[in-house]
>>> print(open('start.tsv').read())   # TSV, C-alpha atoms and all ligand atoms
chain	number	residue	atom	x	y	z
A	263	MET	CA	-10.03	0.21	-14.72
A	264	PRO	CA	-11.71	-2.78	-13.00
A	265	ILE	CA	-9.64	-2.87	-9.82
A	266	THR	CA	-10.98	-4.94	-6.96
A	267	LEU	CA	-9.65	-5.14	-3.41
A	268	ARG	CA	-9.35	-8.35	-1.45
A	269	ASP	CA	-7.43	-9.78	1.49
A	270	PHE	CA	-3.94	-11.17	0.98
A	271	ARG	CA	-3.60	-14.91	0.40
A	272	ASN	CA	-0.37	-16.86	0.93
A	273	PRO	CA	0.17	-17.63	-2.80
A	274	ASP	CA	0.33	-13.83	-3.41
A	275	PHE	CA	3.53	-13.51	-1.41
A	276	GLU	CA	6.14	-13.78	-4.18
A	277	THR	CA	4.24	-11.29	-6.36
A	278	LEU	CA	4.00	-8.83	-3.49
A	279	TRP	CA	7.69	-9.10	-2.77
A	280	THR	CA	8.50	-8.54	-6.48
A	281	ILE	CA	6.26	-5.45	-6.50
A	282	ASP	CA	8.05	-4.14	-3.40
A	283	GLN	CA	11.41	-4.56	-5.17
A	284	ARG	CA	10.08	-2.45	-8.07
A	285	CYS	CA	8.58	0.20	-5.82
A	286	PHE	CA	11.52	0.95	-3.54
A	287	PRO	CA	15.27	1.37	-4.06
A	288	PRO	CA	17.73	-1.13	-2.55
A	289	GLY	CA	18.19	-0.37	1.12
A	290	ILE	CA	14.55	0.62	1.51
A	291	SER	CA	12.76	-2.31	-0.16
A	292	TYR	CA	12.17	-5.33	2.07
A	293	SER	CA	13.92	-8.66	1.97
A	294	ARG	CA	11.57	-11.66	1.67
A	295	LEU	CA	12.10	-12.40	5.35
A	296	GLU	CA	11.23	-8.85	6.40
A	297	LEU	CA	8.09	-8.65	4.28
A	298	ALA	CA	6.88	-12.07	5.42
A	299	ALA	CA	7.52	-11.17	9.06
A	300	TYR	CA	5.51	-7.94	8.76
A	301	ILE	CA	2.56	-9.65	7.06
A	302	ARG	CA	2.55	-12.39	9.73
A	303	ARG	CA	2.53	-10.03	12.71
A	304	PRO	CA	-0.42	-10.94	14.95
A	305	ARG	CA	-2.34	-7.67	14.44
A	306	ALA	CA	-1.26	-7.05	10.86
A	307	PHE	CA	-3.29	-7.40	7.67
A	308	ALA	CA	-2.57	-6.99	3.97
A	309	ILE	CA	-4.99	-5.89	1.28
A	310	VAL	CA	-4.32	-6.55	-2.40
A	311	ALA	CA	-5.57	-4.52	-5.39
A	312	GLU	CA	-6.25	-6.81	-8.31
A	313	ASP	CA	-6.75	-5.88	-11.94
A	314	VAL	CA	-8.50	-7.94	-14.61
A	315	PRO	CA	-6.49	-6.62	-17.57
A	316	ALA	CA	-7.82	-8.75	-20.38
A	317	ILE	CA	-10.14	-11.51	-21.40
A	318	ILE	CA	-8.14	-13.72	-23.72
A	319	PRO	CA	-9.98	-16.07	-26.10
A	320	GLN	CA	-8.54	-19.58	-25.88
A	321	PRO	CA	-8.53	-21.81	-29.01
A	322	SER	CA	-10.84	-24.75	-28.56
A	323	THR	CA	-12.20	-27.41	-30.94
A	324	PHE	CA	-15.80	-27.30	-29.79
A	325	LYS	CA	-16.39	-23.97	-28.15
A	326	SER	CA	-14.69	-20.78	-27.24
A	327	ALA	CA	-13.27	-20.66	-23.79
A	328	TYR	CA	-12.12	-17.56	-22.05
A	329	LYS	CA	-9.51	-17.21	-19.42
A	330	LYS	CA	-9.36	-14.20	-17.15
A	331	ARG	CA	-5.89	-13.05	-16.23
A	332	LEU	CA	-5.68	-11.44	-12.84
A	333	GLN	CA	-2.81	-9.17	-12.00
A	334	ILE	CA	-1.93	-7.64	-8.68
A	335	ALA	CA	-1.58	-3.88	-9.18
A	336	GLY	CA	-0.59	-3.01	-5.63
A	337	PHE	CA	-0.96	-3.80	-1.96
A	338	ILE	CA	-0.89	-2.34	1.51
A	339	VAL	CA	0.31	-3.86	4.79
A	340	ALA	CA	-0.90	-2.30	8.03
A	341	GLU	CA	-1.27	-3.21	11.67
A	342	ALA	CA	-3.06	-2.05	14.79
A	343	SER	CA	-0.87	-1.64	17.85
A	344	LEU	CA	-2.00	-2.70	21.29
A	345	ARG	CA	-2.29	1.03	22.12
A	346	ASN	CA	-4.91	1.38	19.38
A	347	LEU	CA	-2.60	3.18	17.03
A	348	GLY	CA	-2.64	2.12	13.39
A	349	HIS	CA	0.61	1.74	11.48
A	350	ILE	CA	0.98	1.65	7.71
A	351	ILE	CA	3.91	-0.69	7.16
A	352	THR	CA	4.05	-0.30	3.39
A	353	ILE	CA	1.92	0.66	0.43
A	354	ASP	CA	3.11	-0.30	-3.03
A	355	VAL	CA	1.48	0.37	-6.41
A	356	LEU	CA	3.14	-0.77	-9.64
A	357	PRO	CA	4.32	2.19	-11.75
A	358	GLU	CA	1.91	1.38	-14.59
A	359	TYR	CA	-1.08	1.67	-12.23
A	360	ARG	CA	-0.12	4.90	-10.49
A	361	ARG	CA	-2.10	8.16	-10.49
A	362	SER	CA	-5.35	6.32	-11.12
A	363	GLY	CA	-6.57	6.04	-7.55
A	364	VAL	CA	-5.31	2.55	-6.67
A	365	GLY	CA	-3.14	3.79	-3.80
A	366	SER	CA	-6.00	5.91	-2.44
A	367	ARG	CA	-8.38	2.95	-2.49
A	368	LEU	CA	-5.86	0.76	-0.64
A	369	LEU	CA	-5.14	3.45	1.94
A	370	LEU	CA	-8.82	4.17	2.57
A	371	ALA	CA	-9.58	0.45	2.92
A	372	ALA	CA	-6.80	0.11	5.50
A	373	GLU	CA	-7.97	3.24	7.34
A	374	GLN	CA	-11.50	1.85	7.52
A	375	ARG	CA	-10.25	-1.44	8.91
A	376	LEU	CA	-8.04	0.27	11.50
A	377	GLN	CA	-10.89	2.57	12.49
A	378	ALA	CA	-13.16	-0.46	12.89
A	379	THR	CA	-10.68	-2.03	15.32
A	380	GLY	CA	-10.76	1.12	17.46
A	381	CYS	CA	-7.61	2.91	16.30
A	382	SER	CA	-7.60	6.60	17.12
A	383	GLY	CA	-4.82	7.50	14.73
A	384	ILE	CA	-2.37	6.18	12.16
A	385	VAL	CA	1.40	6.66	11.99
A	386	LEU	CA	3.81	5.77	9.25
A	387	GLU	CA	7.33	6.41	8.06
A	388	ALA	CA	8.34	7.71	4.64
A	389	ALA	CA	11.79	8.52	3.31
A	390	VAL	CA	12.36	12.28	3.42
A	391	ASP	CA	13.35	12.23	-0.26
A	392	ASN	CA	10.22	10.31	-1.34
A	393	GLN	CA	8.31	13.36	-2.54
A	394	THR	CA	5.63	11.22	-4.22
A	395	ALA	CA	4.78	9.46	-0.96
A	396	LEU	CA	4.86	12.71	1.03
A	397	SER	CA	2.43	14.34	-1.45
A	398	PHE	CA	0.21	11.26	-1.44
A	399	TYR	CA	-0.02	11.13	2.35
A	400	GLN	CA	-0.51	14.89	2.64
A	401	ARG	CA	-3.40	14.59	0.20
A	402	HIS	CA	-4.89	12.01	2.58
A	403	GLY	CA	-4.66	14.17	5.69
A	404	PHE	CA	-1.32	13.03	7.14
A	405	SER	CA	1.16	15.56	8.51
A	406	GLN	CA	4.74	15.25	9.67
A	407	PHE	CA	5.33	15.38	13.41
A	408	ASN	CA	8.82	13.94	13.71
A	409	LYS	CA	11.91	12.87	11.82
A	410	VAL	CA	14.24	9.96	12.51
A	411	GLU	CA	17.76	10.34	11.19
A	412	ARG	CA	19.27	7.42	9.27
A	413	TYR	CA	16.11	5.36	9.79
A	414	TYR	CA	16.55	3.30	6.63
A	415	PRO	CA	19.38	0.80	6.08
A	416	ASN	CA	20.71	2.95	3.20
A	417	GLY	CA	21.14	5.89	5.62
A	418	THR	CA	18.12	7.93	4.49
A	419	ASP	CA	16.16	9.84	7.14
A	420	ALA	CA	12.48	9.07	7.71
A	421	ALA	CA	9.67	11.55	8.12
A	422	ILE	CA	7.18	10.29	10.70
A	423	LEU	CA	3.65	11.18	9.64
A	424	ARG	CA	0.45	10.98	11.60
A	425	LYS	CA	-3.26	11.20	10.91
A	426	ASP	CA	-5.80	11.60	13.68
A	427	LEU	CA	-8.75	9.31	12.94
A	428	LEU	CA	-10.98	10.77	15.65
A	429	SER	CA	-11.08	14.23	14.11
A	430	ALA	CA	-10.92	12.96	10.53
A	431	PRO	CA	-14.13	12.37	8.60
A	432	GLN	CA	-15.13	8.69	8.47
A	433	ALA	CA	-13.11	7.02	5.69
A	434	SER	CA	-15.36	6.06	2.80
B	1	LIG	C1	2.72	6.51	-3.17
B	1	LIG	C2	1.87	5.56	-4.06
B	1	LIG	C3	1.39	4.39	-3.22
B	1	LIG	C4	0.66	6.35	-4.58
B	1	LIG	O1	-0.15	5.44	-5.32
B	1	LIG	P1	-1.11	5.94	-6.50
B	1	LIG	O2	-2.01	4.82	-6.87
B	1	LIG	O3	-0.30	6.54	-7.59
B	1	LIG	O4	-1.92	7.11	-5.76
B	1	LIG	P2	-3.28	7.81	-6.23
B	1	LIG	O5	-3.46	7.68	-7.71
B	1	LIG	O6	-4.38	7.31	-5.37
B	1	LIG	O7	-2.94	9.34	-5.88
B	1	LIG	C5	-3.72	10.12	-4.98
B	1	LIG	C6	-3.12	11.49	-4.84
B	1	LIG	O8	-1.80	11.43	-4.24
B	1	LIG	C7	-0.98	12.46	-4.79
B	1	LIG	N1	0.09	11.88	-5.60
B	1	LIG	C8	0.22	10.61	-5.98
B	1	LIG	N2	1.34	10.45	-6.73
B	1	LIG	C9	1.91	11.66	-6.82
B	1	LIG	C10	3.08	12.17	-7.48
B	1	LIG	N3	3.90	11.37	-8.21
B	1	LIG	N4	3.36	13.50	-7.37
B	1	LIG	C11	2.57	14.33	-6.66
B	1	LIG	N5	1.43	13.91	-6.02
B	1	LIG	C12	1.11	12.60	-6.10
B	1	LIG	C13	-1.90	13.29	-5.69
B	1	LIG	O9	-2.52	14.28	-4.89
B	1	LIG	C14	-2.91	12.23	-6.12
B	1	LIG	O10	-4.12	12.78	-6.58
B	1	LIG	P3	-4.25	13.23	-8.15
B	1	LIG	O11	-3.76	12.10	-9.00
B	1	LIG	O12	-5.72	13.49	-8.29
B	1	LIG	O13	-3.40	14.47	-8.29
B	1	LIG	C15	2.69	5.07	-5.29
B	1	LIG	O14	3.26	6.19	-5.95
B	1	LIG	C16	3.80	4.08	-4.95
B	1	LIG	O15	3.56	2.88	-4.82
B	1	LIG	N6	5.05	4.58	-4.82
B	1	LIG	C17	6.21	3.71	-4.53
B	1	LIG	C18	6.13	3.13	-3.13
B	1	LIG	C19	6.02	4.22	-2.07
B	1	LIG	O16	6.72	5.23	-2.11
B	1	LIG	N7	5.11	4.01	-1.10
B	1	LIG	C20	4.84	4.97	-0.01
B	1	LIG	C21	5.90	5.01	1.00
B	1	LIG	S1	5.57	3.87	2.33
>>> encode(input="start.tsv", output="structure tokens")
Amino acid sequence: MPITLRDFRNPDFETLWTIDQRCFPPGISYSRLELAAYIRRPRAFAIVAEDVPAIIPQPSTFKSAYKKRLQIAGFIVAEASLRNLGHIITIDVLPEYRRSGVGSRLLLAAEQRLQATGCSGIVLEAAVDNQTALSFYQRHGFSQFNKVERYYPNGTDAAILRKDLLSAPQAS
């Protein structure tokens, strides 16, 4: 699958918000205002995974023209705190692209960027009933060190996970 990663651009916003609505249940997914505020935080960045699903021949009188359709398959929003701690704000991969490494590529790209800015570790929150996310993060070296009760607006508890970047092998 020809997935490429690139930085977020403003015209992506509505697509990213729609993906977030598909990835999380109500009460955990972000409102437009919340997602925009996270992306705009001064030390935040967003990386987009883009797929080129098809090359569609376009009818033309004189020659064949081809139009590439690009589709965003997923994205990650992360930030570096002033205390040099990275924070994964969200990672979202569309269901049809899951289990093919897109989430891993996004996470590793964010880890590399956070490491490059001097972060010594990364923290994140995941709903305690989100077994997929917990397995995904465990696979990537995160472990739970805390729990916050009723963290999410729908009343679900959050597991707080951490990965130490200093002892972890360099992300590649
Ligand atoms: C979590 C998420 C980002 C993973 O994205 P992905 O592209 O499917 O992840 P990858 O294909 O890179 O998976 C890497 C590994 O994570 C683990 N993993 C991923 N999905 C899993 C699942 N459903 N069940 C168990 N393990 C899983 C596996 O170890 C997997 O490796 P494998 O496929 O070789 O077994 C994606 O499922 C998603 O967007 N979920 C909805 C949003 C969400 O919950 N985000 C995280 C909370 S902030």
>>> axis_aligned_box(input="start.tsv", around="region 330-344 of chain A", padding_each_side="3 Å", output="AutoDock Vina command-line options")
--center_x -4.5 --center_y -7.9 --center_z 2.1 --size_x 15.7 --size_y 18.6 --size_z 44.4
>>> closest_atom_pairs(input="start.tsv", of="chain A", to="ligand LIG 1 (chain B)", cutoff="6 Å", atoms="all atoms listed in the file", output="Markdown table")
| residue | atom | partner | partner_atom | distance |
| --- | --- | --- | --- | --- |
| A:Cys285 | CA | B:LIG1 | C17 | 4.4 |
| A:Phe286 | CA | B:LIG1 | C18 | 5.8 |
| A:Thr352 | CA | B:LIG1 | S1 | 4.6 |
| A:Ile353 | CA | B:LIG1 | N7 | 4.9 |
| A:Asp354 | CA | B:LIG1 | O15 | 3.7 |
| A:Val355 | CA | B:LIG1 | O15 | 3.6 |
| A:Arg360 | CA | B:LIG1 | O3 | 3.3 |
| A:Arg361 | CA | B:LIG1 | O5 | 3.1 |
| A:Ser362 | CA | B:LIG1 | O5 | 4.1 |
| A:Gly363 | CA | B:LIG1 | O6 | 3.3 |
| A:Val364 | CA | B:LIG1 | O2 | 4.0 |
| A:Gly365 | CA | B:LIG1 | O2 | 3.4 |
| A:Ser366 | CA | B:LIG1 | O6 | 3.6 |
| A:Ala388 | CA | B:LIG1 | C21 | 5.1 |
| A:Thr394 | CA | B:LIG1 | C10 | 4.2 |
| A:Ala395 | CA | B:LIG1 | C1 | 4.2 |
| A:Ser397 | CA | B:LIG1 | N5 | 4.7 |
| A:Phe398 | CA | B:LIG1 | O8 | 3.5 |
| A:Arg401 | CA | B:LIG1 | O9 | 5.2 |
>>> closest_residue(input="start.tsv", among="A:Leu356, A:Lys425, A:Asp274, A:Leu368", to="Gln400 (chain A)", atoms="all atoms listed in the file")
A:Lys425
>>> atom_distance(input="start.tsv", atom1="CA of Asp426 (chain A)", atom2="CA of Ile350 (chain A)")
13.4 Å
>>> atom_distance(input="start.tsv", atom1="CA of Leu428 (chain A)", atom2="CA of Gly383 (chain A)")
7.0 Å
>>> closest_residue(input="start.tsv", among="A:Leu427, A:Ile265, A:Ala421, A:Leu295", to="Leu332 (chain A)", atoms="only C-alpha atoms")
A:Ile265
>>> atom_distance(input="start.tsv", atom1="CA of Tyr399 (chain A)", atom2="CA of Val339 (chain A)")
15.2 Å
>>> residues_around(input="start.tsv", residues="Arg284 (chain A)", least_positions_apart="3", cutoff="10 Å", atoms="all atoms listed in the file", output="ChimeraX atom specification")
/A:278-281,287-288,291,354-357
>>> closest_residue(input="start.tsv", among="A:Arg271, A:Ile290, A:Cys381, A:Glu276", to="Asn416 (chain A)", atoms="all atoms listed in the file")
A:Ile290
